[in-house]
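Colleague: Please find data-v4.cif (mmCIF, C-alpha atoms) on the next line:
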data_final
#
loop_
_atom_site.label_atom_id
_atom_site.label_comp_id
_atom_site.auth_asym_id
_atom_site.auth_seq_id
_atom_site.Cartn_x
_atom_site.Cartn_y
_atom_site.Cartn_z
CA MET A 237 3.71 10.25 -80.58
CA GLY A 238 7.50 10.53 -80.80
CA ILE A 239 9.71 7.45 -80.63
CA VAL A 240 12.08 7.52 -77.64
CA TYR A 241 13.76 4.11 -77.84
CA LEU A 242 14.46 1.38 -80.41
CA ALA A 243 15.87 -2.14 -80.00
CA PHE A 244 16.59 -4.84 -82.57
CA SER A 245 15.84 -8.48 -81.86
CA GLN A 246 18.82 -10.81 -81.53
CA ASN A 247 18.28 -12.18 -85.06
CA GLU A 248 17.70 -8.62 -86.38
CA GLN A 249 14.36 -9.60 -87.95
CA MET A 250 12.27 -7.49 -85.53
CA LEU A 251 12.54 -3.95 -84.24
CA ALA A 252 10.79 -2.80 -81.06
CA SER A 253 9.88 0.87 -80.66
CA ALA A 254 8.82 2.77 -77.55
CA SER A 255 6.93 6.04 -77.86
CA MET A 256 6.25 8.93 -75.48
CA ASP A 257 2.63 7.84 -74.97
CA GLY A 258 3.71 4.52 -73.44
CA GLN A 259 3.08 2.36 -76.50
CA VAL A 260 5.57 -0.32 -77.46
CA ARG A 261 5.27 -1.82 -80.95
CA ILE A 262 7.13 -4.61 -82.70
CA TRP A 263 7.97 -4.25 -86.40
CA GLU A 264 9.04 -6.73 -89.06
CA VAL A 265 12.36 -5.33 -90.32
CA VAL A 266 12.25 -6.67 -93.89
CA SER A 267 8.68 -5.54 -94.69
CA GLY A 268 8.54 -2.53 -92.37
CA THR A 269 5.11 -3.59 -91.13
CA PRO A 270 4.06 -3.66 -87.48
CA ARG A 271 3.07 -6.92 -85.84
CA ASP A 272 -0.43 -7.08 -84.42
CA ILE A 273 0.96 -6.55 -80.91
CA LEU A 274 0.56 -3.46 -78.76
CA ILE A 275 2.14 -3.18 -75.33
CA VAL A 276 1.07 -0.20 -73.24
CA HIS A 277 2.89 1.29 -70.26
CA PRO A 278 0.20 3.51 -68.68
CA ASP A 279 2.79 5.61 -66.82
CA GLY A 280 4.53 6.75 -70.01
CA ALA A 281 7.42 5.83 -72.26
CA ALA A 282 9.44 2.66 -71.90
CA HIS A 283 13.07 3.58 -71.26
CA ASP A 284 14.59 0.23 -72.19
CA LEU A 285 13.67 -2.73 -74.40
CA VAL A 286 15.39 -6.14 -74.53
CA PHE A 287 14.53 -9.19 -76.62
CA THR A 288 15.34 -12.47 -74.86
CA GLU A 289 15.14 -16.25 -75.17
CA SER A 290 15.88 -16.40 -78.90
CA ASP A 291 13.55 -13.46 -79.49
CA ARG A 292 10.52 -15.20 -77.98
CA TYR A 293 9.98 -12.45 -75.40
CA LEU A 294 10.33 -8.68 -75.28
CA ILE A 295 11.04 -7.09 -71.91
CA SER A 296 10.14 -3.40 -71.61
CA ALA A 297 10.76 -1.09 -68.67
CA SER A 298 9.00 2.19 -67.85
CA ARG A 299 9.16 4.32 -64.69
CA ARG A 300 6.63 2.20 -62.82
CA GLU A 301 6.82 -1.31 -64.27
CA VAL A 302 8.69 -3.94 -66.22
CA ILE A 303 6.59 -6.00 -68.65
CA VAL A 304 7.48 -9.33 -70.29
CA THR A 305 5.53 -9.96 -73.51
CA ASP A 306 5.40 -13.09 -75.68
CA VAL A 307 6.12 -11.69 -79.16
CA GLY A 308 4.45 -14.68 -80.82
CA ASN A 309 0.95 -14.01 -79.48
CA GLY A 310 1.22 -10.60 -77.76
CA GLU A 311 0.34 -12.02 -74.33
CA ILE A 312 1.80 -10.26 -71.31
CA VAL A 313 3.32 -13.09 -69.28
CA ALA A 314 4.77 -11.15 -66.33
CA ARG A 315 4.81 -7.70 -64.72
CA GLN A 316 6.94 -6.20 -61.99
CA ARG A 317 6.19 -2.91 -60.26
CA ILE A 318 9.21 -0.63 -59.89
CA GLN A 319 10.03 2.94 -58.91
CA ALA A 320 12.49 4.65 -61.23
CA ASN A 321 12.98 7.76 -63.30
CA HIS A 322 14.97 6.17 -66.14
CA PRO A 323 15.22 2.38 -65.62
CA GLN A 324 17.74 0.29 -67.54
CA ILE A 325 17.60 -3.49 -67.78
CA ALA A 326 19.88 -6.42 -68.54
CA VAL A 327 18.84 -10.07 -68.81
CA ALA A 328 20.78 -13.15 -67.73
CA ALA A 329 19.75 -15.46 -70.58
CA ALA A 330 20.39 -18.73 -68.72
CA THR A 331 18.36 -17.84 -65.63
CA SER A 332 15.52 -15.51 -66.80
CA ASP A 333 16.74 -12.98 -64.24
CA VAL A 334 16.14 -9.34 -65.16
CA PHE A 335 18.53 -6.86 -63.57
CA ILE A 336 16.85 -3.48 -63.18
CA ALA A 337 19.01 -0.41 -62.63
CA ASP A 338 16.45 1.93 -61.17
CA ASP A 339 18.66 5.04 -61.15
CA LEU A 340 17.66 5.58 -57.54
CA ASP A 341 21.04 4.28 -56.45
CA GLY A 342 20.54 0.54 -56.83
CA VAL A 343 19.82 -2.62 -58.77
CA THR A 344 17.00 -5.11 -58.28
CA VAL A 345 17.07 -8.62 -59.70
CA TRP A 346 13.71 -10.08 -60.74
CA ASN A 347 13.08 -13.59 -62.03
CA TRP A 348 10.03 -13.09 -64.20
CA ARG A 349 9.24 -16.81 -64.27
CA THR A 350 9.04 -17.20 -60.48
CA GLY A 351 8.08 -13.62 -59.57
CA LYS A 352 10.87 -13.42 -56.98
CA SER A 353 12.60 -10.03 -56.73
CA GLU A 354 15.36 -8.74 -54.49
CA ARG A 355 17.40 -5.57 -54.16
CA ILE A 356 21.01 -6.66 -54.67
CA VAL A 357 23.06 -3.48 -55.14
CA GLU A 358 23.03 -0.21 -53.24
CA SER A 359 25.18 2.61 -54.60
CA ALA A 360 26.13 6.08 -53.47
CA PHE A 361 25.57 7.29 -57.05
CA ARG A 362 22.83 7.06 -59.66
CA ILE A 363 23.23 3.92 -61.78
CA ARG A 364 22.86 4.81 -65.48
CA GLU A 365 23.47 1.41 -67.12
CA VAL A 366 23.66 -2.25 -66.22
CA ALA A 367 25.05 -5.35 -67.97
CA VAL A 368 25.14 -9.00 -66.86
CA THR A 369 26.74 -12.27 -67.91
CA ASP A 370 24.46 -14.91 -69.46
CA ASP A 371 24.61 -17.04 -66.31
CA GLY A 372 23.79 -14.07 -64.05
CA SER A 373 26.90 -14.52 -61.92
CA THR A 374 28.59 -11.21 -62.72
CA LEU A 375 26.99 -7.77 -62.98
CA VAL A 376 28.51 -4.51 -64.22
CA THR A 377 27.04 -1.14 -63.24
CA ALA A 378 27.85 2.31 -64.62
CA SER A 379 27.21 5.29 -62.37
CA ASP A 380 26.53 8.89 -63.28
CA LYS A 381 30.04 9.54 -61.94
CA ARG A 382 31.37 7.42 -64.88
CA GLU A 383 32.39 4.61 -62.53
CA LEU A 384 32.20 1.05 -63.87
CA THR A 385 31.84 -1.45 -61.04
CA VAL A 386 31.96 -5.23 -61.45
CA TRP A 387 29.85 -7.17 -58.92
CA ASP A 388 29.78 -10.78 -57.81
CA VAL A 389 26.02 -11.39 -57.78
CA ALA A 390 26.07 -14.29 -55.29
CA SER A 391 27.98 -12.34 -52.61
CA ARG A 392 26.52 -8.92 -53.61
CA ALA A 393 30.06 -7.57 -53.34
CA PRO A 394 31.98 -5.34 -55.74
CA LEU A 395 35.09 -6.88 -57.29
CA PRO A 396 38.38 -4.99 -57.49
CA GLN A 397 37.97 -4.25 -61.23
CA THR A 398 36.21 -0.90 -60.67
CA THR A 399 37.39 1.69 -63.19
CA ARG A 400 36.43 5.14 -64.43
CA ALA A 401 35.23 5.81 -68.00
CA ALA A 402 36.35 8.80 -70.06
CA GLY A 403 32.76 9.98 -70.60
CA GLN A 404 29.16 9.28 -69.54
CA ILE A 405 28.21 5.66 -70.21
CA ASP A 406 25.40 5.38 -72.76
CA GLY A 407 25.39 1.60 -73.20
CA MET A 408 27.11 -1.58 -72.00
CA TRP A 409 27.06 -5.17 -73.18
CA VAL A 410 28.83 -8.26 -71.87
CA THR A 411 30.34 -10.27 -74.74
CA ASP A 412 28.73 -13.63 -75.54
CA GLU A 413 31.46 -15.63 -73.85
CA GLY A 414 31.33 -13.36 -70.77
CA ALA A 415 35.01 -12.50 -70.98
CA GLY A 416 34.67 -8.89 -72.15
CA LEU A 417 32.60 -5.78 -71.84
CA LEU A 418 31.66 -3.41 -74.64
CA VAL A 419 31.07 0.16 -73.47
CA GLN A 420 29.61 3.07 -75.39
CA ALA A 421 30.56 6.35 -73.78
CA GLY A 422 29.71 9.79 -75.13
#
Would you encode the structure as structure tokens?
Modeller:
Amino acid sequence: MGIVYLAFSQNEQMLASASMDGQVRIWEVVSGTPRDILIVHPDGAAHDLVFTESDRYLISASRREVIVTDVGNGEIVARQRIQANHPQIAVAAATSDVFIADDLDGVTVWNWRTGKSERIVESAFRIREVAVTDDGSTLVTASDKRELTVWDVASRAPLPQTTRAAGQIDGMWVTDEGAGLLVQAG
């Protein structure tokens, strides 16, 4: 089946691939060989893949669920049911919180270690992308109207830094120190 998404691990030694049939595989970059790990999303292709915790876990999101997999042994350690057409995820490294932009006008935060989940953002527009600081205190959303909104996660309130991008947002990343935002717009 055709590959629909690729993501490198943080150390760039692994590459995760998501295919149309719902299979997610992890590859060794240097040798080009797949690891003996197969993650399956029964509802179809994963739309986003993120390695986290020094590449110990891979988080994959499809239309109906988010799966956390231990890349060392292939064990699925957590699952969260969702409802989305094209989910996008961002992970707060210090808290294990996964921010899920469900493209149905909102964001849900899910702590995969505790299982607690909560809807934290409602939007009048479809949210295409999401990025978060490592400590999970600040969230950035990108709408289909090209609006970038910065949110204070604790108060669930937008901050005054909202701006409009020149084109559709295809990717966003908060810099390591949390002081900047990288945006890919096409």
Colleague: Report, in Å to a single decimal, how far apart atom CA of Arg271 of chain A and atom CA of Ser296 of chain A are.
Modeller: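 Calculated distance between atom CA of Ser296 of chain A and atom CA of Arg271 of chain A is 16.3 Å.
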Colleague: Rounded to one decimal place, report the atom CA of Ala337 of chain A-atom CA of Arg261 of chain A distance in Å.
Modeller: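 Going from atom CA of Ala337 of chain A over to atom CA of Arg261 of chain A covers 22.9 Å.
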Colleague: Which residues, written as a PyMOL selection string, have at least one atom at most 10 Å from Arg315 of chain A, with all atoms listed in the file counted and residues fewer than 5 positions away on the same chain left out?
Modeller: chain A and resi 295-297+301-305+348+351
Colleague: Counting all atoms listed in the file, what are the residues of segment 237-342 of chain A within 12 Å of segment 386-389 of chain A, and for each of them which pair of atoms is the nearest and at what distance in Å, to one decimal? Sort the table by chain and rising number, as JSON lines.
Modeller:
{"residue": "A:Ala328", "atom": "CA", "partner": "A:Val389", "partner_atom": "CA", "distance": 11.4}
{"residue": "A:Asp333", "atom": "CA", "partner": "A:Val389", "partner_atom": "CA", "distance": 11.4}
{"residue": "A:Phe335", "atom": "CA", "partner": "A:Val389", "partner_atom": "CA", "distance": 10.5}
Colleague: So the first atom is atom CA of Leu285 of chain A and the second is atom CA of Ala254 of chain A; what is the distance between them in Å, to one decimal place?
Modeller: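 Distance between the two atoms: 8.0 Å.
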Colleague: Where does segment 306-338 of chain A meet segment 357-371 of chain A within 10 Å, residue by residue, with the nearest atom pair and distance in Å to one decimal for each, counting only C-alpha atoms, listed by chain and rising number, as a Markdown table?
Modeller:
| residue | atom | partner | partner_atom | distance |
| --- | --- | --- | --- | --- |
| A:His322 | CA | A:Arg364 | CA | 8.0 |
| A:Pro323 | CA | A:Arg364 | CA | 8.0 |
| A:Gln324 | CA | A:Glu365 | CA | 5.9 |
| A:Ile325 | CA | A:Val366 | CA | 6.4 |
| A:Ala326 | CA | A:Ala367 | CA | 5.3 |
| A:Val327 | CA | A:Val368 | CA | 6.7 |
| A:Ala328 | CA | A:Asp370 | CA | 4.4 |
| A:Ala329 | CA | A:Asp370 | CA | 4.9 |
| A:Ala330 | CA | A:Asp371 | CA | 5.1 |
| A:Thr331 | CA | A:Asp371 | CA | 6.3 |
| A:Ser332 | CA | A:Asp371 | CA | 9.2 |
| A:Asp333 | CA | A:Asp371 | CA | 9.1 |
| A:Val334 | CA | A:Val368 | CA | 9.2 |
| A:Phe335 | CA | A:Val366 | CA | 7.4 |
| A:Ile336 | CA | A:Val366 | CA | 7.6 |
| A:Ala337 | CA | A:Ile363 | CA | 6.1 |
| A:Asp338 | CA | A:Ile363 | CA | 7.1 |
Colleague: Please dump the current selection as a PDB file, in the coordinates of the input; keep C-alpha atoms.
Modeller:
ATOM      1  CA  HIS A 322      14.970   6.170 -66.140  1.00  0.00           C
ATOM      2  CA  PRO A 323      15.220   2.380 -65.620  1.00  0.00           C
ATOM      3  CA  GLN A 324      17.740   0.290 -67.540  1.00  0.00           C
ATOM      4  CA  ILE A 325      17.600  -3.490 -67.780  1.00  0.00           C
ATOM      5  CA  ALA A 326      19.880  -6.420 -68.540  1.00  0.00           C
ATOM      6  CA  VAL A 327      18.840 -10.070 -68.810  1.00  0.00           C
ATOM      7  CA  ALA A 328      20.780 -13.150 -67.730  1.00  0.00           C
ATOM      8  CA  ALA A 329      19.750 -15.460 -70.580  1.00  0.00           C
ATOM      9  CA  ALA A 330      20.390 -18.730 -68.720  1.00  0.00           C
ATOM     10  CA  THR A 331      18.360 -17.840 -65.630  1.00  0.00           C
ATOM     11  CA  SER A 332      15.520 -15.510 -66.800  1.00  0.00           C
ATOM     12  CA  ASP A 333      16.740 -12.980 -64.240  1.00  0.00           C
ATOM     13  CA  VAL A 334      16.140  -9.340 -65.160  1.00  0.00           C
ATOM     14  CA  PHE A 335      18.530  -6.860 -63.570  1.00  0.00           C
ATOM     15  CA  ILE A 336      16.850  -3.480 -63.180  1.00  0.00           C
ATOM     16  CA  ALA A 337      19.010  -0.410 -62.630  1.00  0.00           C
ATOM     17  CA  ASP A 338      16.450   1.930 -61.170  1.00  0.00           C
TER      18      ASP A 338
END
Colleague: Any chance you could work out the residue set of the PyMOL selection byres ((chain A and resi 384) around 8) here, as a ChimeraX atom specification?
Modeller: /A:376-379,382-383,385-386,398-401
Colleague: Any chance you could resolve the PyMOL selection byres ((chain A and resi 281-283) around 6) against this file and give the residues as a list in words?
Modeller: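 This file gives the following for the PyMOL selection byres ((chain A and resi 281-283) around 6): Ala254, Ser255, Met256, Asp257, Gly258, Gly280, Asp284, Ala297 and Ser298 of chain A.
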Colleague: Determine, counting all atoms listed in the file, which protein, DNA and RNA residues have an atom within 10 Å of an atom of Val266 of chain A; residues of the same chain fewer than 3 positions away are not included. Present the result as a list in words.
Modeller: Glu248, Gln249, Met250, Trp263 and Thr269 of chain A
Colleague: With only C-alpha atoms as the atoms that count, which of A:Leu395, A:Val286, A:Val265, A:Met408 lies nearest to Gln246 of chain A?
Modeller: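 Comparing A:Leu395, A:Val286, A:Val265, A:Met408 against Gln246 of chain A, the winner is A:Val286.
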Colleague: Using all atoms listed in the file, can you tell me which of A:Phe287, A:Leu340, A:Ala393, A:Ile275 comes closest to Glu311 of chain A?
Modeller: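 Of the candidates, the smallest distance to Glu311 of chain A is held by A:Ile275.
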Colleague: Tell me, as a list of chain:residue names, which residues lie within 9 Å of Ala402 of chain A, counting all atoms listed in the file; anything in the same chain fewer than 3 positions away does not count.
Modeller: A:Arg382, A:Ile405, A:Ala421, A:Gly422
Colleague: With C-alpha atoms retained, write the just-selected residues as a PDB file, in the coordinates of the input.
Modeller:
ATOM      1  CA  ARG A 382      31.370   7.420 -64.880  1.00  0.00           C
ATOM      2  CA  ILE A 405      28.210   5.660 -70.210  1.00  0.00           C
ATOM      3  CA  ALA A 421      30.560   6.350 -73.780  1.00  0.00           C
ATOM      4  CA  GLY A 422      29.710   9.790 -75.130  1.00  0.00           C
TER       5      GLY A 422
END
Colleague: Looking at only C-alpha atoms, which of A:Arg300, A:Asn247, A:Gly310, A:Ala320 is the one that sits closest to Val260 of chain A?
Modeller: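 Closest to Val260 of chain A of all the choices is A:Gly310.
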Colleague: Would you kindly identify which residues have an atom no farther than 12 Å from (34.8, -16.5, -67.7), using all atoms listed in the file and the file's own coordinates, and write them out as a ChimeraX atom specification?
Modeller: /A:369-374,410-417
Colleague: Please return segment 291-302 of chain A, rebuilt to all heavy atoms, as a PDB file, keeping the file's coordinate frame.
Modeller:
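Listing of selection.pdb after writing:
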ATOM      1  N   ASP A 291      14.547 -14.410 -78.987  1.00  0.00           N
ATOM      2  CA  ASP A 291      13.550 -13.460 -79.490  1.00  0.00           C
ATOM      3  C   ASP A 291      12.105 -13.871 -79.229  1.00  0.00           C
ATOM      4  O   ASP A 291      11.176 -13.333 -79.820  1.00  0.00           O
ATOM      5  CB  ASP A 291      13.739 -13.181 -80.991  1.00  0.00           C
ATOM      6  CG  ASP A 291      15.092 -12.573 -81.287  1.00  0.00           C
ATOM      7  OD1 ASP A 291      15.630 -11.879 -80.401  1.00  0.00           O
ATOM      8  OD2 ASP A 291      15.599 -12.789 -82.401  1.00  0.00           O
ATOM      9  N   ARG A 292      11.895 -14.794 -78.316  1.00  0.00           N
ATOM     10  CA  ARG A 292      10.520 -15.200 -77.980  1.00  0.00           C
ATOM     11  C   ARG A 292       9.807 -14.144 -77.138  1.00  0.00           C
ATOM     12  O   ARG A 292       8.600 -13.985 -77.220  1.00  0.00           O
ATOM     13  CB  ARG A 292      10.528 -16.528 -77.245  1.00  0.00           C
ATOM     14  CG  ARG A 292       9.138 -16.987 -76.897  1.00  0.00           C
ATOM     15  CD  ARG A 292       9.080 -18.351 -76.342  1.00  0.00           C
ATOM     16  NE  ARG A 292       7.687 -18.652 -75.991  1.00  0.00           N
ATOM     17  CZ  ARG A 292       7.341 -19.644 -75.227  1.00  0.00           C
ATOM     18  NH1 ARG A 292       8.250 -20.470 -74.746  1.00  0.00           N
ATOM     19  NH2 ARG A 292       6.083 -19.837 -74.929  1.00  0.00           N
ATOM     20  N   TYR A 293      10.567 -13.432 -76.306  1.00  0.00           N
ATOM     21  CA  TYR A 293       9.980 -12.450 -75.400  1.00  0.00           C
ATOM     22  C   TYR A 293      10.627 -11.080 -75.587  1.00  0.00           C
ATOM     23  O   TYR A 293      11.799 -10.980 -75.910  1.00  0.00           O
ATOM     24  CB  TYR A 293      10.157 -12.885 -73.938  1.00  0.00           C
ATOM     25  CG  TYR A 293       9.512 -14.206 -73.633  1.00  0.00           C
ATOM     26  CD1 TYR A 293      10.269 -15.372 -73.545  1.00  0.00           C
ATOM     27  CD2 TYR A 293       8.139 -14.301 -73.452  1.00  0.00           C
ATOM     28  CE1 TYR A 293       9.685 -16.594 -73.271  1.00  0.00           C
ATOM     29  CE2 TYR A 293       7.542 -15.520 -73.180  1.00  0.00           C
ATOM     30  CZ  TYR A 293       8.325 -16.657 -73.098  1.00  0.00           C
ATOM     31  OH  TYR A 293       7.730 -17.863 -72.845  1.00  0.00           O
ATOM     32  N   LEU A 294       9.827 -10.045 -75.337  1.00  0.00           N
ATOM     33  CA  LEU A 294      10.330  -8.680 -75.280  1.00  0.00           C
ATOM     34  C   LEU A 294      10.095  -8.181 -73.858  1.00  0.00           C
ATOM     35  O   LEU A 294       8.977  -8.277 -73.331  1.00  0.00           O
ATOM     36  CB  LEU A 294       9.590  -7.763 -76.258  1.00  0.00           C
ATOM     37  CG  LEU A 294       9.984  -6.282 -76.180  1.00  0.00           C
ATOM     38  CD1 LEU A 294      11.429  -6.079 -76.628  1.00  0.00           C
ATOM     39  CD2 LEU A 294       9.037  -5.428 -77.002  1.00  0.00           C
ATOM     40  N   ILE A 295      11.146  -7.660 -73.245  1.00  0.00           N
ATOM     41  CA  ILE A 295      11.040  -7.090 -71.910  1.00  0.00           C
ATOM     42  C   ILE A 295      11.147  -5.582 -72.056  1.00  0.00           C
ATOM     43  O   ILE A 295      12.088  -5.064 -72.669  1.00  0.00           O
ATOM     44  CB  ILE A 295      12.123  -7.640 -70.970  1.00  0.00           C
ATOM     45  CG1 ILE A 295      12.018  -9.168 -70.911  1.00  0.00           C
ATOM     46  CG2 ILE A 295      12.002  -7.020 -69.582  1.00  0.00           C
ATOM     47  CD1 ILE A 295      13.103  -9.835 -70.103  1.00  0.00           C
ATOM     48  N   SER A 296      10.159  -4.866 -71.522  1.00  0.00           N
ATOM     49  CA  SER A 296      10.140  -3.400 -71.610  1.00  0.00           C
ATOM     50  C   SER A 296      10.035  -2.821 -70.204  1.00  0.00           C
ATOM     51  O   SER A 296       9.353  -3.373 -69.346  1.00  0.00           O
ATOM     52  CB  SER A 296       8.968  -2.934 -72.485  1.00  0.00           C
ATOM     53  OG  SER A 296       7.736  -3.454 -72.024  1.00  0.00           O
ATOM     54  N   ALA A 297      10.730  -1.710 -69.996  1.00  0.00           N
ATOM     55  CA  ALA A 297      10.760  -1.090 -68.670  1.00  0.00           C
ATOM     56  C   ALA A 297      10.385   0.379 -68.760  1.00  0.00           C
ATOM     57  O   ALA A 297      10.998   1.139 -69.514  1.00  0.00           O
ATOM     58  CB  ALA A 297      12.147  -1.223 -68.044  1.00  0.00           C
ATOM     59  N   SER A 298       9.378   0.778 -67.985  1.00  0.00           N
ATOM     60  CA  SER A 298       9.000   2.190 -67.850  1.00  0.00           C
ATOM     61  C   SER A 298       9.270   2.607 -66.406  1.00  0.00           C
ATOM     62  O   SER A 298       9.796   1.826 -65.617  1.00  0.00           O
ATOM     63  CB  SER A 298       7.525   2.388 -68.205  1.00  0.00           C
ATOM     64  OG  SER A 298       6.703   1.712 -67.275  1.00  0.00           O
ATOM     65  N   ARG A 299       8.888   3.814 -66.049  1.00  0.00           N
ATOM     66  CA  ARG A 299       9.160   4.320 -64.690  1.00  0.00           C
ATOM     67  C   ARG A 299       8.497   3.525 -63.583  1.00  0.00           C
ATOM     68  O   ARG A 299       8.982   3.502 -62.464  1.00  0.00           O
ATOM     69  CB  ARG A 299       8.732   5.780 -64.576  1.00  0.00           C
ATOM     70  CG  ARG A 299       9.540   6.720 -65.439  1.00  0.00           C
ATOM     71  CD  ARG A 299       9.031   8.139 -65.382  1.00  0.00           C
ATOM     72  NE  ARG A 299       7.603   8.162 -65.651  1.00  0.00           N
ATOM     73  CZ  ARG A 299       6.713   8.891 -64.995  1.00  0.00           C
ATOM     74  NH1 ARG A 299       7.086   9.697 -64.041  1.00  0.00           N
ATOM     75  NH2 ARG A 299       5.444   8.844 -65.318  1.00  0.00           N
ATOM     76  N   ARG A 300       7.386   2.881 -63.879  1.00  0.00           N
ATOM     77  CA  ARG A 300       6.630   2.200 -62.820  1.00  0.00           C
ATOM     78  C   ARG A 300       6.521   0.694 -62.967  1.00  0.00           C
ATOM     79  O   ARG A 300       6.058   0.019 -62.069  1.00  0.00           O
ATOM     80  CB  ARG A 300       5.199   2.771 -62.748  1.00  0.00           C
ATOM     81  CG  ARG A 300       5.144   4.254 -62.467  1.00  0.00           C
ATOM     82  CD  ARG A 300       5.471   4.548 -61.016  1.00  0.00           C
ATOM     83  NE  ARG A 300       5.362   5.956 -60.739  1.00  0.00           N
ATOM     84  CZ  ARG A 300       6.384   6.799 -60.692  1.00  0.00           C
ATOM     85  NH1 ARG A 300       7.593   6.372 -60.900  1.00  0.00           N
ATOM     86  NH2 ARG A 300       6.206   8.065 -60.436  1.00  0.00           N
ATOM     87  N   GLU A 301       6.932   0.132 -64.145  1.00  0.00           N
ATOM     88  CA  GLU A 301       6.820  -1.310 -64.270  1.00  0.00           C
ATOM     89  C   GLU A 301       7.709  -1.875 -65.377  1.00  0.00           C
ATOM     90  O   GLU A 301       8.100  -1.173 -66.294  1.00  0.00           O
ATOM     91  CB  GLU A 301       5.370  -1.745 -64.514  1.00  0.00           C
ATOM     92  CG  GLU A 301       4.801  -1.350 -65.842  1.00  0.00           C
ATOM     93  CD  GLU A 301       3.346  -1.779 -66.014  1.00  0.00           C
ATOM     94  OE1 GLU A 301       2.886  -2.718 -65.343  1.00  0.00           O
ATOM     95  OE2 GLU A 301       2.668  -1.167 -66.836  1.00  0.00           O
ATOM     96  N   VAL A 302       8.000  -3.162 -65.205  1.00  0.00           N
ATOM     97  CA  VAL A 302       8.690  -3.940 -66.220  1.00  0.00           C
ATOM     98  C   VAL A 302       7.685  -4.970 -66.721  1.00  0.00           C
ATOM     99  O   VAL A 302       7.014  -5.621 -65.917  1.00  0.00           O
ATOM    100  CB  VAL A 302       9.950  -4.629 -65.655  1.00  0.00           C
ATOM    101  CG1 VAL A 302      10.634  -5.471 -66.724  1.00  0.00           C
ATOM    102  CG2 VAL A 302      10.911  -3.603 -65.074  1.00  0.00           C
TER     103      VAL A 302
END
